[in-house]
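With PDB, C-alpha atoms inside, this is model-v6.pdb:
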ATOM      1  CA  MET A 132     131.616  90.293  76.062
ATOM      2  CA  GLY A 133     128.210  89.014  77.219
ATOM      3  CA  PHE A 134     129.378  85.435  76.825
ATOM      4  CA  ARG A 135     132.568  86.047  78.801
ATOM      5  CA  ILE A 136     130.654  87.687  81.654
ATOM      6  CA  SER A 137     128.185  84.776  81.717
ATOM      7  CA  PHE A 138     130.994  82.213  81.649
ATOM      8  CA  ARG A 139     132.899  84.042  84.415
ATOM      9  CA  SER A 140     129.782  84.204  86.595
ATOM     10  CA  THR A 141     129.177  80.506  86.047
ATOM     11  CA  ILE A 142     132.727  79.674  87.128
ATOM     12  CA  ILE A 143     132.452  81.811  90.293
ATOM     13  CA  LEU A 144     129.084  80.327  91.243
ATOM     14  CA  THR A 145     130.345  76.797  90.579
ATOM     15  CA  ILE A 146     133.342  77.357  92.862
ATOM     16  CA  PHE A 147     131.140  78.702  95.651
ATOM     17  CA  GLY A 148     128.725  75.787  95.186
ATOM     18  CA  ILE A 149     131.536  73.240  95.461
ATOM     19  CA  LEU A 150     132.868  74.987  98.583
ATOM     20  CA  ALA A 151     129.404  75.007 100.160
ATOM     21  CA  VAL A 152     129.071  71.254  99.591
ATOM     22  CA  PHE A 153     132.546  70.023 100.464
ATOM     23  CA  LEU A 154     133.802  72.497 103.090
ATOM     24  CA  PRO A 155     131.571  71.046 105.867
ATOM     25  CA  LEU A 156     132.674  67.567 104.769
ATOM     26  CA  LEU A 157     136.342  68.532 105.102
ATOM     27  CA  LEU A 158     135.639  70.027 108.540
ATOM     28  CA  MET A 159     134.063  66.737 109.626
ATOM     29  CA  LYS A 160     137.004  64.747 108.266
ATOM     30  CA  ALA A 161     139.372  67.003 110.222
ATOM     31  CA  GLY A 162     137.383  66.469 113.421
ATOM     32  CA  ILE A 163     136.462  70.166 113.671
ATOM     33  CA  LEU A 164     132.760  69.535 113.013
ATOM     34  CA  ASP A 165     131.056  66.862 115.131
ATOM     35  CA  PRO A 166     128.180  64.674 113.858
ATOM     36  CA  TYR A 167     125.533  66.458 115.953
ATOM     37  CA  PRO A 168     126.284  69.977 114.634
ATOM     38  CA  ALA A 169     126.479  68.425 111.154
ATOM     39  CA  HIS A 170     122.961  67.043 111.650
ATOM     40  CA  ILE A 171     121.733  70.491 112.732
ATOM     41  CA  ILE A 172     123.294  72.047 109.623
ATOM     42  CA  ALA A 173     121.603  69.383 107.475
ATOM     43  CA  MET A 174     118.249  70.181 109.103
ATOM     44  CA  GLY A 175     118.974  73.854 108.481
ATOM     45  CA  GLY A 176     119.354  72.965 104.804
ATOM     46  CA  VAL A 177     115.983  71.183 104.790
ATOM     47  CA  ASN A 178     114.367  74.204 106.451
ATOM     48  CA  ALA A 179     116.091  76.483 103.926
ATOM     49  CA  ILE A 180     114.555  74.493 101.061
ATOM     50  CA  MET A 181     111.131  74.847 102.691
ATOM     51  CA  ALA A 182     111.780  78.574 103.152
ATOM     52  CA  MET A 183     112.435  78.857  99.405
ATOM     53  CA  SER A 184     109.154  77.036  98.769
ATOM     54  CA  VAL A 185     107.215  79.501 100.930
ATOM     55  CA  ASN A 186     109.089  82.469  99.456
ATOM     56  CA  MET A 187     108.216  81.305  95.960
ATOM     57  CA  ILE A 188     104.486  81.517  96.658
ATOM     58  CA  VAL A 189     104.463  84.377  99.198
ATOM     59  CA  GLY A 190     107.373  86.599  98.184
ATOM     60  CA  ILE A 191     107.604  85.972  94.428
ATOM     61  CA  THR A 192     104.030  85.127  93.411
ATOM     62  CA  GLY A 193     102.524  87.445  96.043
ATOM     63  CA  GLN A 194      99.952  84.958  97.399
ATOM     64  CA  LEU A 195      99.679  84.330 101.148
ATOM     65  CA  SER A 196      99.765  80.545 101.640
ATOM     66  CA  LEU A 197      99.704  78.924 105.080
ATOM     67  CA  GLY A 198      99.638  75.318 103.939
ATOM     68  CA  GLN A 199     103.173  74.558 102.760
ATOM     69  CA  ALA A 200     103.688  72.155 105.664
ATOM     70  CA  GLY A 201     100.986  70.017 104.041
ATOM     71  CA  PHE A 202     103.156  69.663 100.927
ATOM     72  CA  LEU A 203     106.111  68.830 103.190
ATOM     73  CA  ALA A 204     104.068  65.987 104.690
ATOM     74  CA  ILE A 205     102.985  64.724 101.252
ATOM     75  CA  GLY A 206     106.607  64.629 100.080
ATOM     76  CA  ALA A 207     107.850  62.903 103.237
ATOM     77  CA  TYR A 208     105.150  60.230 103.376
ATOM     78  CA  SER A 209     105.298  59.632  99.617
ATOM     79  CA  CYS A 210     109.056  59.049  99.781
ATOM     80  CA  ILE A 211     108.582  56.431 102.504
ATOM     81  CA  PHE A 212     105.623  54.845 100.677
ATOM     82  CA  PHE A 213     107.391  54.499  97.329
ATOM     83  CA  ASN A 214     110.524  53.094  98.967
ATOM     84  CA  LEU A 215     109.140  50.731 101.608
ATOM     85  CA  ASP A 216     105.758  49.725 100.186
ATOM     86  CA  MET A 217     106.435  49.869  96.440
ATOM     87  CA  GLY A 218     110.075  48.731  96.568
ATOM     88  CA  VAL A 219     111.339  51.701  94.541
ATOM     89  CA  PRO A 220     115.055  52.544  95.106
ATOM     90  CA  LEU A 221     115.452  55.470  97.484
ATOM     91  CA  PRO A 222     116.723  58.123  94.999
ATOM     92  CA  LEU A 223     113.963  57.242  92.532
ATOM     93  CA  ALA A 224     111.410  57.138  95.375
ATOM     94  CA  ALA A 225     112.409  60.702  96.302
ATOM     95  CA  VAL A 226     111.947  61.826  92.678
ATOM     96  CA  CYS A 227     108.517  60.168  92.515
ATOM     97  CA  ALA A 228     107.563  61.847  95.807
ATOM     98  CA  VAL A 229     108.565  65.252  94.442
ATOM     99  CA  PHE A 230     106.473  64.794  91.287
ATOM    100  CA  LEU A 231     103.496  63.524  93.306
ATOM    101  CA  THR A 232     103.717  66.612  95.516
ATOM    102  CA  GLY A 233     103.839  68.804  92.418
ATOM    103  CA  ILE A 234     100.714  67.092  91.056
ATOM    104  CA  ALA A 235      99.001  67.657  94.426
ATOM    105  CA  GLY A 236      99.933  71.323  94.185
ATOM    106  CA  PHE A 237      98.482  71.491  90.669
ATOM    107  CA  LEU A 238      95.172  69.913  91.742
ATOM    108  CA  ILE A 239      94.858  72.028  94.877
ATOM    109  CA  GLY A 240      95.848  75.196  93.031
ATOM    110  CA  PHE A 241      92.777  75.201  90.759
ATOM    111  CA  PRO A 242      90.183  75.951  93.459
ATOM    112  CA  VAL A 243      92.578  77.724  95.854
ATOM    113  CA  LEU A 244      94.005  80.310  93.449
ATOM    114  CA  LYS A 245      90.548  81.570  92.555
ATOM    115  CA  LEU A 246      90.781  83.380  95.900
ATOM    116  CA  THR A 247      93.088  86.149  97.066
ATOM    117  CA  GLY A 248      94.318  87.760 100.272
ATOM    118  CA  ASP A 249      92.918  86.549 103.584
ATOM    119  CA  TYR A 250      90.562  84.078 101.883
ATOM    120  CA  LEU A 251      93.474  82.343 100.186
ATOM    121  CA  ALA A 252      95.358  82.152 103.499
ATOM    122  CA  ILE A 253      92.344  80.615 105.257
ATOM    123  CA  VAL A 254      91.770  78.027 102.519
ATOM    124  CA  THR A 255      95.435  76.969 102.403
ATOM    125  CA  LEU A 256      95.416  76.761 106.211
ATOM    126  CA  GLY A 257      92.413  74.461 105.954
ATOM    127  CA  PHE A 258      94.209  72.391 103.308
ATOM    128  CA  GLY A 259      97.114  71.757 105.685
ATOM    129  CA  GLU A 260      94.768  70.645 108.441
ATOM    130  CA  ILE A 261      92.873  68.363 106.025
ATOM    131  CA  ILE A 262      96.149  66.714 105.021
ATOM    132  CA  ARG A 263      97.048  66.190 108.688
ATOM    133  CA  VAL A 264      93.672  64.601 109.505
ATOM    134  CA  VAL A 265      93.767  62.397 106.389
ATOM    135  CA  PHE A 266      97.247  61.118 107.284
ATOM    136  CA  ILE A 267      96.113  60.391 110.844
ATOM    137  CA  ASN A 268      93.252  58.226 109.587
ATOM    138  CA  LEU A 269      95.135  56.433 106.780
ATOM    139  CA  LYS A 270      96.748  54.113 109.311
ATOM    140  CA  ALA A 271      97.593  51.386 106.794
ATOM    141  CA  LEU A 272      99.757  53.759 104.743
ATOM    142  CA  THR A 273     100.882  56.391 107.232
ATOM    143  CA  GLY A 274     100.942  54.559 110.571
ATOM    144  CA  GLY A 275      98.239  56.847 111.950
ATOM    145  CA  PRO A 276      99.139  59.270 114.761
ATOM    146  CA  ASN A 277     102.286  57.262 115.513
ATOM    147  CA  GLY A 278     103.722  57.950 112.079
ATOM    148  CA  ARG A 279     106.133  55.880 110.016
ATOM    149  CA  GLN A 280     109.830  55.226 110.402
ATOM    150  CA  PHE A 281     112.570  54.627 107.874
ATOM    151  CA  PRO A 282     114.932  51.698 108.495
ATOM    152  CA  THR A 283     118.318  52.871 109.755
ATOM    153  CA  ALA A 284     119.966  51.718 106.533
ATOM    154  CA  MET A 285     117.827  54.181 104.549
ATOM    155  CA  LEU A 286     118.773  57.273 106.551
ATOM    156  CA  LEU A 287     121.121  60.023 105.471
ATOM    157  CA  ASN A 288     123.478  60.286 108.425
ATOM    158  CA  GLY A 289     126.421  62.526 109.236
ATOM    159  CA  GLU A 290     128.609  63.321 106.244
ATOM    160  CA  LEU A 291     126.201  61.934 103.648
ATOM    161  CA  ALA A 292     123.241  63.971 104.961
ATOM    162  CA  LEU A 293     125.292  67.151 104.979
ATOM    163  CA  VAL A 294     126.628  66.677 101.453
ATOM    164  CA  VAL A 295     123.321  65.564  99.892
ATOM    165  CA  VAL A 296     121.169  68.258 101.521
ATOM    166  CA  THR A 297     123.651  71.054 100.782
ATOM    167  CA  ALA A 298     124.147  69.919  97.175
ATOM    168  CA  ILE A 299     120.406  69.804  96.543
ATOM    169  CA  LEU A 300     119.954  73.187  98.237
ATOM    170  CA  VAL A 301     122.602  74.765  95.992
ATOM    171  CA  LEU A 302     121.068  73.127  92.896
ATOM    172  CA  VAL A 303     117.519  74.258  93.740
ATOM    173  CA  LEU A 304     118.734  77.805  94.444
ATOM    174  CA  ALA A 305     120.627  77.964  91.126
ATOM    175  CA  LEU A 306     117.675  76.633  89.112
ATOM    176  CA  LEU A 307     115.228  78.918  90.883
ATOM    177  CA  GLN A 308     117.368  82.014  90.374
ATOM    178  CA  ASN A 309     117.686  81.223  86.657
ATOM    179  CA  PHE A 310     113.930  80.704  86.423
ATOM    180  CA  LEU A 311     113.197  84.027  88.114
ATOM    181  CA  ARG A 312     115.399  85.805  85.557
ATOM    182  CA  SER A 313     113.507  84.168  82.687
ATOM    183  CA  THR A 314     110.402  85.479  80.923
ATOM    184  CA  TYR A 315     108.169  83.266  83.076
ATOM    185  CA  GLY A 316     109.794  84.479  86.288
ATOM    186  CA  ARG A 317     109.438  88.133  85.338
ATOM    187  CA  ALA A 318     105.802  87.559  84.381
ATOM    188  CA  ILE A 319     105.114  86.014  87.804
ATOM    189  CA  MET A 320     106.704  89.010  89.524
ATOM    190  CA  ALA A 321     104.681  91.346  87.311
ATOM    191  CA  VAL A 322     101.511  89.634  88.560
ATOM    192  CA  ARG A 323     102.747  90.123  92.126
ATOM    193  CA  GLU A 324     103.334  93.841  91.623
ATOM    194  CA  ASP A 325     100.075  94.727  89.859
ATOM    195  CA  GLU A 326      97.581  92.187  88.526
ATOM    196  CA  VAL A 327      95.558  94.781  86.608
ATOM    197  CA  ALA A 328      98.608  96.190  84.826
ATOM    198  CA  ALA A 329      99.951  92.697  84.084
ATOM    199  CA  ASN A 330      96.588  91.617  82.658
ATOM    200  CA  SER A 331      96.405  94.752  80.500
ATOM    201  CA  VAL A 332      99.625  93.759  78.686
ATOM    202  CA  GLY A 333      98.431  90.221  78.027
ATOM    203  CA  VAL A 334      99.816  88.307  81.045
ATOM    204  CA  ASP A 335      97.578  85.349  81.956
ATOM    205  CA  ILE A 336      97.134  85.995  85.698
ATOM    206  CA  PHE A 337      95.799  82.579  86.713
ATOM    207  CA  ARG A 338      98.346  80.699  84.611
ATOM    208  CA  TYR A 339     101.333  82.399  86.210
ATOM    209  CA  LYS A 340      99.875  82.153  89.689
ATOM    210  CA  MET A 341      99.444  78.435  89.083
ATOM    211  CA  THR A 342     103.018  78.159  87.801
ATOM    212  CA  GLY A 343     104.388  79.749  90.967
ATOM    213  CA  PHE A 344     102.152  77.597  93.180
ATOM    214  CA  VAL A 345     103.189  74.337  91.494
ATOM    215  CA  ILE A 346     106.895  75.234  91.623
ATOM    216  CA  ALA A 347     106.497  75.986  95.342
ATOM    217  CA  ALA A 348     104.839  72.569  95.796
ATOM    218  CA  PHE A 349     107.696  70.853  93.902
ATOM    219  CA  ILE A 350     110.263  72.503  96.157
ATOM    220  CA  ALA A 351     108.256  71.520  99.247
ATOM    221  CA  GLY A 352     108.224  67.945  97.933
ATOM    222  CA  ILE A 353     112.029  68.038  97.781
ATOM    223  CA  GLY A 354     112.106  69.321 101.360
ATOM    224  CA  GLY A 355     109.692  66.579 102.469
ATOM    225  CA  SER A 356     111.733  63.797 100.863
ATOM    226  CA  LEU A 357     114.937  65.074 102.482
ATOM    227  CA  TYR A 358     113.154  65.464 105.823
ATOM    228  CA  ALA A 359     112.112  61.814 105.726
ATOM    229  CA  MET A 360     115.641  60.676 104.849
ATOM    230  CA  VAL A 361     117.425  62.868 107.397
ATOM    231  CA  VAL A 362     115.039  62.572 110.355
ATOM    232  CA  GLY A 363     113.889  59.047 109.520
ATOM    233  CA  PHE A 364     110.579  59.446 111.319
ATOM    234  CA  VAL A 365     107.469  61.158 109.962
ATOM    235  CA  ARG A 366     104.276  61.959 111.859
ATOM    236  CA  PRO A 367     101.125  63.728 110.625
ATOM    237  CA  ASP A 368     101.953  66.608 112.970
ATOM    238  CA  ILE A 369     104.476  67.968 110.456
ATOM    239  CA  ALA A 370     101.485  69.142 108.387
ATOM    240  CA  GLN A 371     100.112  71.271 111.212
ATOM    241  CA  PHE A 372      99.578  75.022 111.027
ATOM    242  CA  LEU A 373     102.468  75.917 113.355
ATOM    243  CA  LYS A 374     104.977  74.234 111.034
ATOM    244  CA  SER A 375     103.818  76.406 108.139
ATOM    245  CA  ILE A 376     104.173  79.461 110.378
ATOM    246  CA  ASP A 377     107.781  78.467 111.159
ATOM    247  CA  PHE A 378     108.584  78.435 107.447
ATOM    248  CA  LEU A 379     106.810  81.765 106.970
ATOM    249  CA  ILE A 380     108.926  83.259 109.783
ATOM    250  CA  TYR A 381     112.087  82.320 107.859
ATOM    251  CA  VAL A 382     110.766  84.245 104.858
ATOM    252  CA  VAL A 383     109.692  87.299 106.856
ATOM    253  CA  LEU A 384     113.003  87.442 108.704
ATOM    254  CA  GLY A 385     115.125  86.897 105.588
ATOM    255  CA  GLY A 386     113.077  89.152 103.333
ATOM    256  CA  MET A 387     110.076  88.423 101.139
ATOM    257  CA  GLY A 388     111.318  87.956  97.606
ATOM    258  CA  SER A 389     114.922  87.217  98.646
ATOM    259  CA  MET A 390     115.790  83.533  98.333
ATOM    260  CA  THR A 391     119.270  83.958  99.825
ATOM    261  CA  GLY A 392     117.763  85.963 102.682
ATOM    262  CA  SER A 393     115.306  83.155 103.445
ATOM    263  CA  ILE A 394     118.115  80.592 103.374
ATOM    264  CA  LEU A 395     120.212  82.690 105.757
ATOM    265  CA  ALA A 396     117.284  83.132 108.169
ATOM    266  CA  ALA A 397     116.483  79.396 108.063
ATOM    267  CA  TYR A 398     120.023  78.434 109.029
ATOM    268  CA  ILE A 399     120.217  81.087 111.767
ATOM    269  CA  LEU A 400     116.907  80.158 113.396
ATOM    270  CA  THR A 401     117.497  76.398 113.097
ATOM    271  CA  TYR A 402     120.842  76.706 114.872
ATOM    272  CA  LEU A 403     119.469  79.215 117.383
ATOM    273  CA  GLN A 404     116.668  76.837 118.334
ATOM    274  CA  GLU A 405     119.193  74.121 119.192
ATOM    275  CA  PHE A 406     121.653  76.509 120.844
ATOM    276  CA  LEU A 407     118.917  77.768 123.199
ATOM    277  CA  ARG A 408     117.592  74.302 124.049
ATOM    278  CA  PHE A 409     118.845  74.723 127.632
ATOM    279  CA  LEU A 410     116.062  77.307 128.088
ATOM    280  CA  GLN A 411     113.527  74.511 127.505
ATOM    281  CA  ASP A 412     110.076  75.902 126.635
ATOM    282  CA  TYR A 413     111.196  79.486 127.190
ATOM    283  CA  ARG A 414     113.136  79.319 123.923
ATOM    284  CA  LEU A 415     109.766  79.475 122.147
ATOM    285  CA  LEU A 416     109.673  83.133 123.172
ATOM    286  CA  ILE A 417     112.725  83.859 121.027
ATOM    287  CA  TYR A 418     110.909  83.723 117.659
ATOM    288  CA  PRO A 419     108.257  86.323 118.639
ATOM    289  CA  LEU A 420     110.937  88.616 120.085
ATOM    290  CA  ILE A 421     113.059  88.318 116.934
ATOM    291  CA  LEU A 422     110.031  89.089 114.760
ATOM    292  CA  ILE A 423     109.133  92.124 116.886
ATOM    293  CA  PHE A 424     112.660  93.541 116.575
ATOM    294  CA  VAL A 425     112.762  92.822 112.836
ATOM    295  CA  MET A 426     109.396  94.489 112.255
ATOM    296  CA  LEU A 427     110.505  97.530 114.273
ATOM    297  CA  PHE A 428     114.007  98.036 112.927
ATOM    298  CA  ARG A 429     114.102  96.125 109.615
ATOM    299  CA  PRO A 430     110.527  95.725 108.299
ATOM    300  CA  LYS A 431     111.707  94.333 104.944
ATOM    301  CA  GLY A 432     113.785  91.563 106.576
ATOM    302  CA  LEU A 433     117.523  90.965 106.557
ATOM    303  CA  LEU A 434     117.960  91.370 102.785
ATOM    304  CA  GLY A 435     114.584  92.817 101.806
ATOM    305  CA  THR A 436     113.981  91.942  98.157
ATOM    306  CA  LYS A 437     117.692  91.893  97.331
ATOM    307  CA  GLU A 438     119.722  88.775  96.681
ATOM    308  CA  PHE A 439     123.212  88.115  97.964
ATOM    309  CA  SER A 440     125.474  88.053  94.892
ATOM    310  CA  PHE A 441     128.614  85.922  95.039
ATOM    311  CA  VAL A 442     129.830  87.458  91.766
ATOM    312  CA  LYS A 443     129.519  91.041  93.071
ATOM    313  CA  THR A 444     131.171  90.002  96.350
ATOM    314  CA  VAL A 445     134.158  88.612  94.455
ATOM    315  CA  ASP A 446     134.297  91.797  92.352
ATOM    316  CA  ARG A 447     134.293  94.016  95.447
ATOM    317  CA  LEU A 448     136.920  91.884  97.158
ATOM    318  CA  ALA A 449     139.130  91.865  94.069
ATOM    319  CA  GLY A 450     138.733  95.634  93.669
ATOM    320  CA  PHE A 451     139.676  96.205  97.320
ATOM    321  CA  ILE A 452     142.770  94.005  96.991
ATOM    322  CA  PHE A 453     143.888  95.704  93.757
ATOM    323  CA  ARG A 454     143.381  99.178  95.218
ATOM    324  CA  LYS A 455     145.316  98.269  98.343
ATOM    325  CA  THR A 456     148.130  96.697  96.296
ATOM    326  CA  GLY A 457     148.238  99.761  94.031
ATOM    327  CA  LYS A 458     148.526 102.115  97.008
ATOM    328  CA  GLU A 459     151.347 100.072  98.501
ATOM    329  CA  LYS A 460     153.256 100.175  95.192
ATOM    330  CA  THR A 461     152.679 103.907  94.863
ATOM    331  CA  GLY A 462     153.847 104.489  98.444
ATOM    332  CA  ALA A 463     156.912 102.351  97.848
TER     333      ALA A 463
END
Could you write out this file's structure as structure tokens?
Amino acid sequence: MGFRISFRSTIILTIFGILAVFLPLLLMKAGILDPYPAHIIAMGGVNAIMAMSVNMIVGITGQLSLGQAGFLAIGAYSCIFFNLDMGVPLPLAAVCAVFLTGIAGFLIGFPVLKLTGDYLAIVTLGFGEIIRVVFINLKALTGGPNGRQFPTAMLLNGELALVVVTAILVLVLALLQNFLRSTYGRAIMAVREDEVAANSVGVDIFRYKMTGFVIAAFIAGIGGSLYAMVVGFVRPDIAQFLKSIDFLIYVVLGGMGSMTGSILAAYILTYLQEFLRFLQDYRLLIYPLILIFVMLFRPKGLLGTKEFSFVKTVDRLAGFIFRKTGKEKTGA
């Protein structure tokens, strides 16, 4: 029975994953979805990946980090460096960039994770600013304040950007959800809930904090590589403090500890930012207003700590249809 339930869940999730990847592509082929909205959706996917990175360290591990934009910048610049300067093929360059970002997270995690609370937030904030200043001054590798640009041939445009970003988003979400259900994932969440209790039952606090931090850095590296390939232009400003705050807003709005909630919030706010562009600078007031309303009426975010379940949704829908069909037959 357990195997059949697992197999059934896998089939349902696979179907939804395929629909998520190819439905936008079919809409573009039919002329219903234009290239510009497709680009916005692709950027929403990149932001959703970054939201998962922040949620991994803030919502799952329980450590307040304000430097994830620094890992985004490392991933983006590394992807360009490996491809243009080292001559590595683009897909392999992206993989190398992700691993380099993970290594950076591992090295930074040793001194940073010795701290907790506000001190950790301040140190990670400083880390992001250090990365930004370093990239500004490494002009030979990063182009300085002017940044670096990908050749047009290297960009993910239109249909390709939408398919690649969505496919990677679905894959990262699936892998992350499986990890969180594993022994390691439950140990990390135990550390988040109560470090003293977790330590008393033999959980290595620092080890699992480091695991969560490195995984968050890996995911940010994926987001950085995709950002470079979709936008095609990277400046040191993407490592600034305000960018990290944007990603944190996605997590707060979607729900700390809810990956699907963070993804939903990232897509909503990315589209909303473009939809309200006619307001010019006044649209920057929208984020604070949204946060105020969320904190007042839904302090835990859209989904809180819950995850949207495609399997349960299918079960509810099937149950509703069967009940309705049964009533019609009984009435007949």
Quick one: of A:Thr342, A:Gln280, A:Asn268, A:Ser196, who's nearest to Ile376 (chain A), counting only C-alpha atoms?
A:Ser196
Please evaluate the PyMOL selection byres ((chain A and resi 182) around 10) against the structure above and give the resulting residues as a ChimeraX atom specification.
/A:176-181,183-187,199,347,350-351,354,375,377-383,385,390-397
Can you give me, as a count of residues only, the residues this file yields under the PyMOL selection byres ((chain A and resi 361-366) around 9)?
37
Could you write out as a ChimeraX atom specification the residues that the PyMOL selection byres ((chain A and resi 228-237) around 10) matches in the shown file?
/A:199,201-214,222-227,238-243,341-342,344-356
Can you measure CA of Val152 (chain A) to CA of Asn309 (chain A) for me? One decimal in Å is fine.
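CA of Asn309 (chain A) lies 19.9 Å from CA of Val152 (chain A).
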Could you jot down the CA of Ile336 (chain A) to CA of Lys431 (chain A) separation for me, Å, one decimal place?
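Computing it gives 25.5 Å between the two atoms.
One finds CA of Leu384 (chain A) at 13.1 Å from CA of Lys437 (chain A).
Using all atoms listed in the file, the shortest contact distance between Leu197 (chain A) and any of A:Val301, A:Leu373, A:Val334, A:Leu221 is found at A:Leu373.
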Long-range neighbours of Ala169 (chain A) as a VMD selection string, 9 Å cut-off, all atoms listed in the file, 3 positions minimum in chain
chain A and resid 155 to 156 159 164 to 166 172 to 174 289 to 290 292 to 293
Counting all atoms listed in the file, what is within 9 Å of Lys340 (chain A), bar same-chain residues fewer than 6 positions away, as an NGL selection string?
:A and (188 or 192-194 or 240 or 244 or 319 or 322-323)
Residue with smallest distance to Gly386 (chain A) - pool A:Tyr339, A:Phe147, A:Phe406, A:Phe439, counting all atoms listed in the file:
A:Phe439
Rank A:Val425, A:Ala151, A:Ile142, A:Phe258 by their smallest atom-to-atom distance to Thr297 (chain A), using all atoms listed in the file, and report the top residue only.
A:Ala151
